[in-house]
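Peer 1: Quick one: this structure, given as structure tokens, is what I'll be asking you about.
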Amino acid sequence: MDYSKIFNSAIDRLHEEGRYRVFIDILRNKGAFPNARCFAGHNGPKPITVWCSNDYLAMGQHPKVIAAMEEALYDVGAGSGGTRNIGGNTHYHVDLEAELADLHQKEAALLFTSGYISNEATLATLGKILPGCVIFSDELNHASMIAGIRNSGCEKRVWRHNDLAHLEELLAAEDSDAPKLIAFESVYSMDGDVAPIHAICDLADKYNALTYCDEVHAVGMYGPRGGGITDRDAAAPRLTIIEGTLGKAFGVMGGYIAADQVIVDVIRSYAPGFIFTTSLSPVLVAGVLASVRHLKSSSEERDAQQHAAAYLKQSFADAGLPVMNSTTHIVPLMVGDPVRAKRISDILLAEYGVYVQPINYPTVPRGTERLRFTPGPAHTREMMDELTKALTEIWDRLELRKAA
Ligand SMILES: *Cc1c(COP(=O)(O)O)cnc(C)c1O
């Protein structure tokens with residue numbers, strides 16, 4: 001058995017398809033984000049502008065967040081020292097769960113070490129606890145939800161993206177007594193579109209199904225208190241479980257669910273991905289607490305982000321660039337080919353100091369490769385004008401306008 005030949009051919013396949021992943025080596029400049037340094041070349045770090053960060057509101061550099069983390073570090077030290085059950089249940093964790101439960105108008109919340117783990121652990125455990133459960137999953141659901149559904153061992157029905165008629169057809173086809181769970185996202189992070197949450201809840205009511213909503217790309221950014229699209233649309237009380245991340249708009253790290261006390265108690269008690277792992281560092285949790293509390297009372301960052309996104313979309317459209325029809329803060333530019341997407345991204349970084357990562361399969365379907373821009377409150381109009389100019393030059397140079 002030639003193991004290394006197998007490994008090498010797995011990598012070769014990625015090169016052939018043009019989707020071998022190259023990580024860009026950067027340091028973000030605190031206080032001056034989205035400015036950063038890139039360590040790609042040989043002449044020392046090169047200044048760049050980051051256009052693809054999920055630190056959507058630049059909370060990762062907010063003075064309140066930094067101060068809270070410093071204070072926690074000097075007060076209680078670096079790590080939590082244990083799992084939640086054995087020594088690692090710090091007062092910061094308890095406070096943050098109360099804060100998140102309140103944010104989503106739920107009885108309780110539960111922290112995980114990432115959004116990925118929160119989806120995987122919660123969906124897998126729910127499916128195991130509910131006998132004969134059937135899980136209905138939007139076809140564009142995130143890999144972490146798909147992993148959780150698979151690990152639940154449940155029957156899975158995939159409904160066409162945001163297609164309520166198809167969802168209803170699948171719901172109606174099941175035994176009316178079988179437990180059912182509808183799993184979906186509020187904001188889809190690659191296309192930037194939004195789920196019809198109330199209509200999904202109407203179907204859940206009609207067919208007596210539970211609902212699970214991933215609000216990862218919405219928490220902090222939508223709703224008067226940053227509770228996500230369920231906050232904006234006044235739908236939070238209708239959902240069984242709301243899931244979010246602490247690593248994107250909240251700017252730090254971690255994930256969570258919010259739900260009724262008894263559901264949180266079940267996940268807390270049965271989910272291996274929650275139980276058998278060291279809890280988040282109290283330093284991180286302290287930073288998140290400051291971030292969540294700030295965004296509950298301040299809409300300044302949210303408003304500035306929406307203005308930036310609207311401006312950039314308009315600027316791309318005016319320049320004839322193939323901006324996708326996003327209704328949110330996400331600004332995807334369709335390329336449709338992995339090699340070309342990488343080429344554009346390489347030119348942007350090398351010649352314009354613009355960092356945007358090409359998005360390839362399996363993150364998006366083949367043939368829909370794209371560049372995904374995430375302008376935020378710290379991206380100025382001058383930066384956006386320069387970006388549009390750079391892209392226009394590249395589109396002309398590579399003669400992409402006709403192709404698109
Ligand atoms: C990023 C992402 C996650 C995972 O969250 P992390 O905190 O980064 O692990 C879950 N769901 C969706 C839709 C995501 O985009």
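Every chain in the structure tokens has a letter given in the order shown (A, B, ...), and although residue numbers restart at 1 in each chain, ligands are simply numbered from 1 in the order shown.
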Please provide as a PDB file with C-alpha atoms, in the first residue's frame all residues within 12 Å of Glu99 in chain A, with the sequence filter that same-chain residues fewer than 6 positions apart are discarded (counting only C-alpha atoms).
Peer 2:
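Okay, part_33.pdb is ready:
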ATOM      1  CA  TYR A  92     -18.161  34.860  32.706  1.00  0.00           C
ATOM      2  CA  HIS A  93     -19.758  31.854  31.006  1.00  0.00           C
ATOM      3  CA  GLN A 105     -35.963  36.204  24.109  1.00  0.00           C
ATOM      4  CA  LYS A 106     -35.390  32.617  25.219  1.00  0.00           C
ATOM      5  CA  GLU A 107     -35.299  31.028  28.663  1.00  0.00           C
ATOM      6  CA  ALA A 108     -31.726  29.803  28.333  1.00  0.00           C
ATOM      7  CA  ALA A 109     -28.603  29.678  26.186  1.00  0.00           C
ATOM      8  CA  LEU A 110     -25.608  27.356  25.946  1.00  0.00           C
ATOM      9  CA  LEU A 111     -22.051  28.181  24.879  1.00  0.00           C
ATOM     10  CA  ARG A 225     -30.687  44.849  19.593  1.00  0.00           C
ATOM     11  CA  GLY A 227     -30.578  39.623  17.806  1.00  0.00           C
ATOM     12  CA  TYR A 256     -24.134  29.099  21.108  1.00  0.00           C
ATOM     13  CA  ALA A 258     -30.714  29.771  22.710  1.00  0.00           C
ATOM     14  CA  VAL A 285     -15.943  35.163  27.014  1.00  0.00           C
ATOM     15  CA  ALA A 286     -15.284  38.513  28.692  1.00  0.00           C
ATOM     16  CA  VAL A 288     -17.827  38.578  23.853  1.00  0.00           C
ATOM     17  CA  LEU A 289     -19.836  39.861  26.815  1.00  0.00           C
ATOM     18  CA  ALA A 290     -18.605  43.400  26.157  1.00  0.00           C
ATOM     19  CA  SER A 291     -19.341  43.016  22.446  1.00  0.00           C
ATOM     20  CA  VAL A 292     -22.873  41.620  22.854  1.00  0.00           C
ATOM     21  CA  ARG A 293     -23.750  44.249  25.460  1.00  0.00           C
ATOM     22  CA  HIS A 294     -22.411  47.051  23.289  1.00  0.00           C
ATOM     23  CA  LEU A 295     -24.304  45.933  20.178  1.00  0.00           C
ATOM     24  CA  LYS A 296     -27.531  45.512  22.159  1.00  0.00           C
TER      25      LYS A 296
END
Peer 1: Tell me, which residues of range 102-257 of chain A carry DSSP helix (DSSP H, G or I), written as a PyMOL selection string?
Peer 2: chain A and resi 102-103+115-129+143-152+164-172+197-206+229-232+236-238
Peer 1: Could you please extract the residues within 7 Å of ligand 1, counting only C-alpha atoms and all ligand atoms, and hand them back as a PyMOL selection string?
Peer 2: chain A and resi 114-117+119+141-142+144+185+188-189+214+216-217+245-248+253-255
Peer 1: Those residues you just picked out, can you put them in a file as a PDB file, in the first residue's frame with N, CA and C atoms?
Peer 2:
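Contents of the output file out-v5.pdb:
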ATOM      1  N   SER A 114     -17.284  26.796  19.283  1.00  0.00           N
ATOM      2  CA  SER A 114     -17.415  27.460  17.979  1.00  0.00           C
ATOM      3  C   SER A 114     -18.861  27.311  17.499  1.00  0.00           C
ATOM      4  N   GLY A 115     -19.200  28.095  16.483  1.00  0.00           N
ATOM      5  CA  GLY A 115     -20.509  27.943  15.855  1.00  0.00           C
ATOM      6  C   GLY A 115     -20.626  26.582  15.181  1.00  0.00           C
ATOM      7  N   TYR A 116     -19.533  26.134  14.592  1.00  0.00           N
ATOM      8  CA  TYR A 116     -19.545  24.818  13.941  1.00  0.00           C
ATOM      9  C   TYR A 116     -19.957  23.742  14.937  1.00  0.00           C
ATOM     10  N   ILE A 117     -19.296  23.746  16.105  1.00  0.00           N
ATOM     11  CA  ILE A 117     -19.594  22.725  17.116  1.00  0.00           C
ATOM     12  C   ILE A 117     -21.024  22.881  17.628  1.00  0.00           C
ATOM     13  N   ASN A 119     -23.673  23.833  16.029  1.00  0.00           N
ATOM     14  CA  ASN A 119     -24.578  23.200  15.060  1.00  0.00           C
ATOM     15  C   ASN A 119     -24.435  21.681  15.064  1.00  0.00           C
ATOM     16  N   ASN A 141     -27.824  24.763   3.411  1.00  0.00           N
ATOM     17  CA  ASN A 141     -27.359  24.808   4.798  1.00  0.00           C
ATOM     18  C   ASN A 141     -25.855  24.589   4.903  1.00  0.00           C
ATOM     19  N   HIS A 142     -25.286  25.212   5.925  1.00  0.00           N
ATOM     20  CA  HIS A 142     -23.842  25.169   6.183  1.00  0.00           C
ATOM     21  C   HIS A 142     -23.357  23.752   6.497  1.00  0.00           C
ATOM     22  N   SER A 144     -21.633  22.591   8.807  1.00  0.00           N
ATOM     23  CA  SER A 144     -21.743  22.173  10.215  1.00  0.00           C
ATOM     24  C   SER A 144     -23.138  21.640  10.532  1.00  0.00           C
ATOM     25  N   GLU A 185     -31.036  28.495   7.696  1.00  0.00           N
ATOM     26  CA  GLU A 185     -30.285  29.682   8.117  1.00  0.00           C
ATOM     27  C   GLU A 185     -31.157  30.914   7.920  1.00  0.00           C
ATOM     28  N   TYR A 188     -28.106  33.605   4.324  1.00  0.00           N
ATOM     29  CA  TYR A 188     -27.216  32.642   3.662  1.00  0.00           C
ATOM     30  C   TYR A 188     -25.950  33.377   3.249  1.00  0.00           C
ATOM     31  N   SER A 189     -24.832  32.878   3.758  1.00  0.00           N
ATOM     32  CA  SER A 189     -23.618  33.691   3.778  1.00  0.00           C
ATOM     33  C   SER A 189     -22.924  33.823   2.441  1.00  0.00           C
ATOM     34  N   ASP A 214     -30.112  28.880  12.091  1.00  0.00           N
ATOM     35  CA  ASP A 214     -28.716  29.323  12.186  1.00  0.00           C
ATOM     36  C   ASP A 214     -28.692  30.813  11.839  1.00  0.00           C
ATOM     37  N   VAL A 216     -25.991  32.723  12.278  1.00  0.00           N
ATOM     38  CA  VAL A 216     -24.567  33.064  12.348  1.00  0.00           C
ATOM     39  C   VAL A 216     -24.219  34.350  11.596  1.00  0.00           C
ATOM     40  N   HIS A 217     -24.805  34.536  10.400  1.00  0.00           N
ATOM     41  CA  HIS A 217     -24.458  35.726   9.608  1.00  0.00           C
ATOM     42  C   HIS A 217     -25.433  36.878   9.835  1.00  0.00           C
ATOM     43  N   THR A 245     -23.003  32.553  16.223  1.00  0.00           N
ATOM     44  CA  THR A 245     -21.557  32.515  16.471  1.00  0.00           C
ATOM     45  C   THR A 245     -21.137  33.753  17.243  1.00  0.00           C
ATOM     46  N   LEU A 246     -20.021  33.640  17.930  1.00  0.00           N
ATOM     47  CA  LEU A 246     -19.428  34.774  18.634  1.00  0.00           C
ATOM     48  C   LEU A 246     -18.169  35.229  17.914  1.00  0.00           C
ATOM     49  N   GLY A 247     -17.883  34.564  16.776  1.00  0.00           N
ATOM     50  CA  GLY A 247     -16.637  34.809  16.056  1.00  0.00           C
ATOM     51  C   GLY A 247     -16.781  35.707  14.840  1.00  0.00           C
ATOM     52  N   LYS A 248     -17.993  36.037  14.448  1.00  0.00           N
ATOM     53  CA  LYS A 248     -18.177  36.873  13.266  1.00  0.00           C
ATOM     54  C   LYS A 248     -18.513  38.296  13.732  1.00  0.00           C
ATOM     55  N   MET A 253     -14.772  34.780  19.480  1.00  0.00           N
ATOM     56  CA  MET A 253     -14.754  33.358  19.151  1.00  0.00           C
ATOM     57  C   MET A 253     -15.790  32.622  19.994  1.00  0.00           C
ATOM     58  N   GLY A 254     -16.340  31.541  19.442  1.00  0.00           N
ATOM     59  CA  GLY A 254     -17.296  30.712  20.169  1.00  0.00           C
ATOM     60  C   GLY A 254     -18.611  30.614  19.423  1.00  0.00           C
ATOM     61  N   GLY A 255     -19.490  29.751  19.935  1.00  0.00           N
ATOM     62  CA  GLY A 255     -20.809  29.604  19.343  1.00  0.00           C
ATOM     63  C   GLY A 255     -21.821  29.334  20.445  1.00  0.00           C
TER      64      GLY A 255
END
Peer 1: Quote the spacing between CA of Ala36 in chain A and CA of Ser281 in chain A in Å to one decimal place.
Peer 2: 25.6 Å
Peer 1: Which residues, written as a PyMOL selection string, have at least one atom at most 10 Å from Gly367 in chain A, with only C-alpha atoms counted and residues fewer than 2 positions away on the same chain left out?
Peer 2: chain A and resi 334-338+360-361+364-365+369-370
